[in-house]
Amino acid sequence: MTENDETTDDIVEATYCALCECGYAGLTMQDIADRSETSKSALHYHYDTKHDLLLAFLDHLYDSFEERFATDPDADPLDRLAAVVAEALDEADDEERRDLRTAMLEIRAQAPYDDAFRDHLDKFDEYIAAEVREIVADGVEAGVFRDDTDPEALAEFVVTVFDGAHVRSISTGRLLSATREHLAEYVERDLLADADREVEFS
């Protein structure tokens, strides 16, 4: 790893910590510098503004996001769909993760007014949608899902459910497990070709 890579990793980790602790609105370059081995002036050398730094942070998150949501194309389509749901609606009792989700919601709130944030965030949704589309198409071909299932429409539905579940969880404390259960019921009732097969998203 080069010195530049180490600096980037340090800045990204500091941004993550500062974003979790301070939220988007209260976040400053000094907050990030305080949690980094990089000075505030050095931060400004790499990134002109907090906005530029957060865009770089979203790029870094996306790289790990792809790894987390990728599924084995040779696995059973229902198992692959269950893996995506489990990852997207993970309810681990992790305060730092909840703080990050809250901060990410604050960034999402800026997206209607900021094309760069909107474009970056859209990549996350589109990756999940593409993964679900492929899983459903494979499942239809394999006879796991009903042959009248529209992969495109279902993918958009699932992504919308994920986004809405996170907003409700952060805003009202509603458990993500409730959404997992409702999705499982929907898939079992309306998607599976085999009516006797049970679905569990845990």
# chains A, B, ... in the order shown; residues from 1 in each chain; ligands from 1
call {"tool": "residues_around", "arguments": {"residues": "Glu37 of chain A", "least_positions_apart": "2", "cutoff": "9 Å", "atoms": "only C-alpha atoms", "output": "list in words"}}
result
Thr7, Asp10, Ile11, Ala14, Ala33, Asp34, Arg35 and Ser39 of chain A
call {"tool": "atom_distance", "arguments": {"atom1": "atom CA of Glu141 of chain A", "atom2": "atom CA of Ala165 of chain A"}}
result
29.5 Å
call {"tool": "residues_around", "arguments": {"residues": "Cys22 of chain A", "least_positions_apart": "3", "cutoff": "12 Å", "atoms": "only C-alpha atoms", "output": "list in words"}}
result
Ala14, Thr15, Tyr16, Cys17, Ala18, Leu19, Ala25, Gly26, Leu27, Thr28, Met29, Gln30, Asp31, Ile32, Arg35, Glu96, Asp99, Leu100, Thr102, Ala103, Met104 and Glu106 of chain A
call {"tool": "closest_residue", "arguments": {"among": "A:Glu200, A:Asp52, A:Glu66, A:Asp150", "to": "Val136 of chain A", "atoms": "only C-alpha atoms"}}
result
A:Asp150
call {"tool": "closest_atom_pairs", "arguments": {"of": "segment 7-89 of chain A", "to": "segment 160-163 of chain A", "cutoff": "10 Å", "atoms": "only C-alpha atoms", "output": "JSON lines"}}
result
{"residue": "A:Val85", "atom": "CA", "partner": "A:Phe162", "partner_atom": "CA", "distance": 8.3}
{"residue": "A:Ala88", "atom": "CA", "partner": "A:Phe162", "partner_atom": "CA", "distance": 6.8}
{"residue": "A:Leu89", "atom": "CA", "partner": "A:Phe162", "partner_atom": "CA", "distance": 7.1}
call {"tool": "write_last_selection", "arguments": {"atoms": "N, CA, C and O atoms", "output": "mmCIF file, in the first residue's frame"}}
result
data_model
loop_
_atom_site.group_PDB
_atom_site.id
_atom_site.type_symbol
_atom_site.label_atom_id
_atom_site.label_comp_id
_atom_site.auth_asym_id
_atom_site.auth_seq_id
_atom_site.Cartn_x
_atom_site.Cartn_y
_atom_site.Cartn_z
ATOM 1 N N VAL A 85 -31.837 -9.609 0.824
ATOM 2 C CA VAL A 85 -32.757 -9.043 1.821
ATOM 3 C C VAL A 85 -32.096 -8.989 3.193
ATOM 4 O O VAL A 85 -32.190 -7.978 3.911
ATOM 5 N N ALA A 88 -29.541 -6.120 3.187
ATOM 6 C CA ALA A 88 -30.152 -4.792 3.093
ATOM 7 C C ALA A 88 -30.910 -4.424 4.349
ATOM 8 O O ALA A 88 -30.952 -3.248 4.735
ATOM 9 N N LEU A 89 -31.512 -5.414 5.002
ATOM 10 C CA LEU A 89 -32.339 -5.142 6.184
ATOM 11 C C LEU A 89 -31.713 -5.751 7.429
ATOM 12 O O LEU A 89 -32.406 -6.240 8.318
#
call {"tool": "atom_distance", "arguments": {"atom1": "atom CA of Glu152 of chain A", "atom2": "atom CA of Arg133 of chain A"}}
result
5.8 Å
call {"tool": "select_by_dssp", "arguments": {"residues": "segment 40-197 of chain A", "states": "alpha helix (DSSP H)", "output": "PyMOL selection string"}}
result
chain A and resi 40-46+50-69+77-88+95-110+115-142+151-172+176-186
call {"tool": "atom_distance", "arguments": {"atom1": "atom CA of Thr149 of chain A", "atom2": "atom CA of Glu198 of chain A"}}
result
18.1 Å
call {"tool": "closest_residue", "arguments": {"among": "A:His51, A:Ala142, A:Ala193, A:Asp63", "to": "Ala111 of chain A", "atoms": "only C-alpha atoms"}}
result
A:His51
call {"tool": "residues_around", "arguments": {"residues": "Leu58 of chain A", "least_positions_apart": "4", "cutoff": "9 Å", "atoms": "only C-alpha atoms", "output": "ChimeraX atom specification"}}
result
/A:53-54,62-63,117,120-121
call {"tool": "residues_around", "arguments": {"residues": "Glu131 of chain A", "least_positions_apart": "3", "cutoff": "9 Å", "atoms": "only C-alpha atoms", "output": "mmCIF file with C-alpha atoms, in the first residue's frame"}}
result
data_model
loop_
_atom_site.group_PDB
_atom_site.id
_atom_site.type_symbol
_atom_site.label_atom_id
_atom_site.label_comp_id
_atom_site.auth_asym_id
_atom_site.auth_seq_id
_atom_site.Cartn_x
_atom_site.Cartn_y
_atom_site.Cartn_z
ATOM 1 C CA PHE A 69 -24.405 -7.499 -2.054
ATOM 2 C CA ALA A 70 -22.870 -9.679 -4.751
ATOM 3 C CA THR A 71 -24.404 -13.166 -4.843
ATOM 4 C CA LEU A 81 -32.738 -13.196 -2.873
ATOM 5 C CA VAL A 84 -29.804 -9.648 -0.507
ATOM 6 C CA GLU A 126 -29.273 0.715 -9.094
ATOM 7 C CA TYR A 127 -26.733 -1.900 -7.999
ATOM 8 C CA ILE A 128 -29.291 -3.596 -5.742
ATOM 9 C CA GLU A 134 -30.779 -10.886 -12.332
ATOM 10 C CA ILE A 135 -31.851 -13.097 -9.419
ATOM 11 C CA VAL A 136 -35.514 -12.933 -10.401
ATOM 12 C CA ALA A 155 -36.520 -5.025 -8.586
#
